[in-house]
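J.: Dropping the structure in here first, questions after.
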Amino acid sequence: MNFHLHKSIERKIAVRTYIALLLVGLCSSLVLTFLMLGNFEKILLPQFVLKSNVIANSVRSTVADALKLGIPFESLVGVNDYLSDTLVDNSEIEFIEVKSLNGHAYTMHRNGTNQRTSNGEILDVIDADDELPGVTIGLRGSYIQEKLQIMFGDAAVASLVALTVGFEILLFFIVIWVLRPMGTWVSMINGFKTGQTQRTFSRAVSGPFSELIALTHQYFQSKTRWATQATTQNAHKDWYEPRAYDVRIVLFLFVFSEELLRSYFPIYVKDIALTNTWLTVDFAIALPIITYMLFAGLGTLYGGAVIERLGLRNAFKWSVTLSTLGLGGLAFATTVTEVIALRTACAIGYAIATVACQVYMAQSSQNDSETTNGLSTFVAAVTAASLCGAPIGAVVAELIGLHAAMLFASGMAFCSWLLFKNLKMPAVDLNAQKNSADGSSTRRNFAELLKNRKICIILICDVAAGKLMLAGLLFFLTPMLLIQFQFTQTSIGQFFMFYYLPLTLGNMVISRSSPSPQSKKHIMFAGALLSGAGTLLLYWFNSAVALAVAITCLGLGQSMVLTMASSLMLAIAKTELPHVSAANTLALARTFDRIGGIVGAAFVAFFLLVFDYRITTVFLGGCVLVLGLGNFWLGLRSNDVKKVAAIK
Amino acid sequence: MFQKIKIIAVAVGIIFFLLSLLSVLQFFRFQNLLFDVARTRVEVPAEALKRDIERSLATGLSLQTNAQLLAMLDLVLQKNPNIFAIQINDGLSNNTEPLWFASNLSASSQNLDDGKLVKNHWPFFNDSSQASVFIQRWPIVDPIGTTVGQLIFTSDKSEAFKMAANARRELMALLGAVCAASLLVLVPILLFLLVRLDKVVIAARSLILDQKIEQDIVAQSEVCQLAKNVRDANNSPVSIQHTGLTT
């Protein structure tokens, strides 16, 4: 039942509603931010003046101490050096002037001159008297503005996070009030047309269209009341058939619960390790990450079999139970061993739950186009959760403390089950299940894929290398480095946006382009190099800006690598190993992804035994860079390219 | 009407969530900045004192034997009423007792540490940002570069807390005003759009019930097209054959 009413009234109403929400949301955020920053400025300005007064008094008493020794004011040595040291220590001060009663003055300006300028500085003046010299301090008028500008930047990030979460919540209600009822209605009309009228309503339909559906249902019921027969198969079927978007909010919440830990987990483990560990602190931080990656990898490999055995609903229920207990238990963990055990439970739960959502989406798709939509829904939900998880987790941790933040994450995981349990499960295609169950050749396929040189290079130099960097740099080193740079919990959370934003934007750009197979290799090669290159900056600059550039490079690099690697692997497998299924190729890629994660965390832990965080980061980037160079062996010979092109 | 209220409530709730998250994030940034300023204010006399102590070490006096240190600590306390206590710890031995200690508070508060002055006693809230004092430490380094001691300043945080609380109150009032303003803007727009949607639903219902309706709505509405399908399916003899009905 396709309509070509691209500008139908309903679509116009939907677009206008969305625009109204977006405009009101953005405008009110902007107004609130401006007013809020104005208020903050009013509170902060007297504090800076107070501080400058303390500095003025300190300078005055230091100079007075020198005068007490009998040195005349005019003959004091080193006053300029002292004043410039004070300027270096206090970046808000533009100039300092020390003046005697007879008018002799020592002045030091931030630009190194001995001139006192007047560029709108806020002056703090202490007059000279018979014993003590006078001190004038010029506070930089723009200093607070600079600080507030940084806060304005943060507000933009916060708005993006809130809009993303808001969008997911909105989508949930759109599914309940619009998509599900409309799906039911269309299914009902189609059913009536094809004679399958004996279906039931298993749930109440809500939303603006519920009245129409109820009317249609009554209408058809009255017509079919005297039906002589009804097919038993249809009698138990619901009018509504599950769709991929049904599980989106569930997946979002579940991944969100895990991502909440991203910004503070290493810090949390460090706190535990400092008081109770049988390992070095760095290993104690790395071990839960390694274990998590290992069990998440195994869970992904065997997740399909578990779902087949338990069924979709039970598999999800048990995986949520594991995750909820794991996350909740972390709040009470007192030793690293307990943390490792609980993270293992979380990893298994996470792997099975995400596979269950993928299976749900695949089973609810009726054709290729719906399968593609399902996969993009999966990626969108996971990306949105990753984007919001770290910053919101950091805020929650700052608000209620690290332990309670773990309980909050656990609650989120449990909420995903509350939403999942009400979902109608898709009908299982028994033939497809039989085919997938008949997977005795899977191991053979994996072996064949691994024997293929090109696939092996992509797996090691692109897929695993990317994850090596992600687990090592982003999940392990970033929080530790930022703590070293004296960042707060909230800022650390927001820092993760430097990865997720370029990744999302890069994916958006790449998904809209259709490069040739040769260009794909080049893009992937560039992405692999970019992933590691950024960290080299830390060798020269030990600053948060260098780390931000490194993480942005990683995000951009990974957006170039991820899609291209899967696409090239599938194309190569199709040409050179046509009997190997795409599912097996992707499963192997996912396994290498996890292996990269395990090696990344272990690598960092080993290096930290010898080097500090900064040098370890540089080494990690260097290794990824070297691995990226391995793409040279991928072969850019024309016959290879032609072969792949022929398939495309 | 209840349906409309529900939809509007969700939309307004999302906007409120956005604004609240923004406020919370910004408040924490502000609070950290405020604490930083308060801390750096203590840094000024502390750095000066540290310089003086290190200068006395350069003259050959040790931390243990320099009786002038106590007078120096007292002088800093006198000049800076926001500083509660200053102590000098020995950096070369494992002795936790301070070598020199001066305080504006009672003697019982000697050897102050992070855990002592904590406001909230619930285990989940015992992070350092909740402590009611700032505790800052500086190493005391002798002329050959060895850390021989630690200078610990304990200063007042309550002023900063008070200011943060005021800022929070103002922020809440501001948040309330902006939320109310967005509510006033959003509700009429959403009501207008929902009334338009209502018209479509009414037209579709009329179509199903075979009643008269405006043709231009039917042509432009997907819902009306579906309703038309319902009516057509109902009137079509094909559907009756399919369902096995006899009339």
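Quick note on naming: the chains in the structure tokens go A, B, ... in the order shown, residues restart at 1 in each chain, and ligands are numbered from 1 in order of appearance.
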Dump as a list in words the residues of chain A that approach chain B to within 6 Å, counting only C-alpha atoms.

T.: Ser8, Ile9, Gly25, Lys51, Ala158, Ala162, Gly166, Lys193, Gly195, Ala227, Gly401 and His403 of chain A

J.: If you run DSSP on this backbone, which residues of segment 13-177 of chain B come out as strand (DSSP E), and could you give them as a PyMOL selection string?

T.: chain B and resi 83-90+98-103+133-141+147-156

J.: Tell me, as a ChimeraX atom specification, which residues lie within 6 Å of segment 498-513 of chain A, counting only C-alpha atoms; anything in the same chain fewer than 6 positions away does not count.

T.: /A:387,551-552,555-556,559

J.: Take the residues from that selection and put them in a file with C-alpha atoms, as a tab-separated table (two decimals), in the first residue's frame.

T.:
```tsv
chain	number	residue	atom	x	y	z
A	387	LEU	CA	27.38	9.84	21.78
A	551	ILE	CA	41.01	11.64	19.45
A	552	THR	CA	39.45	13.64	16.61
A	555	GLY	CA	37.25	9.38	15.09
A	556	LEU	CA	37.76	10.58	11.52
A	559	SER	CA	34.84	6.58	10.10
```

J.: Mind the document's chain letters and residue numbers, and return as a PyMOL selection string the residues of segment 10-238 of chain B that DSSP labels alpha helix (DSSP H).

T.: chain B and resi 10-58+68-79+158-208+215-220+222-235+237-238

J.: Give me the residues near Ile93 of chain A as a PyMOL selection string, where near means some atom within 9 Å (using only C-alpha atoms) and where sequence neighbours in that chain fewer than 5 positions away do not count.

T.: chain A and resi 52+86-88+109-110+121+137-140+143

J.: Since we have the selection now, will you write its residues out, keeping N, CA and C atoms, as a compact mmCIF listing (two decimals), in the first residue's frame?

T.:
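part32.txt written:
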```
# COMPACT_ATOMS: atom_id res chain seq x y z
N SER A 52 42.78 39.44 42.93
CA SER A 52 43.80 40.43 42.55
C SER A 52 44.21 41.27 43.75
N THR A 86 54.96 36.72 38.74
CA THR A 86 53.58 36.83 39.24
C THR A 86 52.59 36.86 38.07
N LEU A 87 52.99 37.54 36.99
CA LEU A 87 52.10 37.58 35.82
C LEU A 87 51.95 36.19 35.20
N VAL A 88 53.06 35.44 35.18
CA VAL A 88 53.01 34.08 34.60
C VAL A 88 52.07 33.20 35.44
N HIS A 109 54.18 44.65 32.22
CA HIS A 109 52.99 44.34 31.42
C HIS A 109 53.11 42.91 30.90
N ARG A 110 51.98 42.29 30.62
CA ARG A 110 51.98 40.91 30.13
C ARG A 110 52.79 40.76 28.84
N GLU A 121 41.15 47.51 31.33
CA GLU A 121 41.44 46.63 32.47
C GLU A 121 40.63 47.07 33.69
N ILE A 137 46.97 46.80 40.21
CA ILE A 137 46.88 45.58 39.38
C ILE A 137 45.79 45.79 38.34
N GLY A 138 46.14 45.54 37.09
CA GLY A 138 45.15 45.65 36.00
C GLY A 138 44.66 44.26 35.62
N LEU A 139 43.38 43.99 35.92
CA LEU A 139 42.79 42.68 35.58
C LEU A 139 42.33 42.71 34.13
N ARG A 140 42.65 41.67 33.37
CA ARG A 140 42.23 41.61 31.97
C ARG A 140 40.70 41.54 31.92
N TYR A 143 39.16 38.37 30.43
CA TYR A 143 39.51 37.07 30.99
C TYR A 143 38.26 36.23 31.30
```

J.: Interatomic distance between atom CA of Leu171 of chain A and atom CA of Tyr240 of chain A?

T.: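 These two atoms are separated by 18.1 Å.
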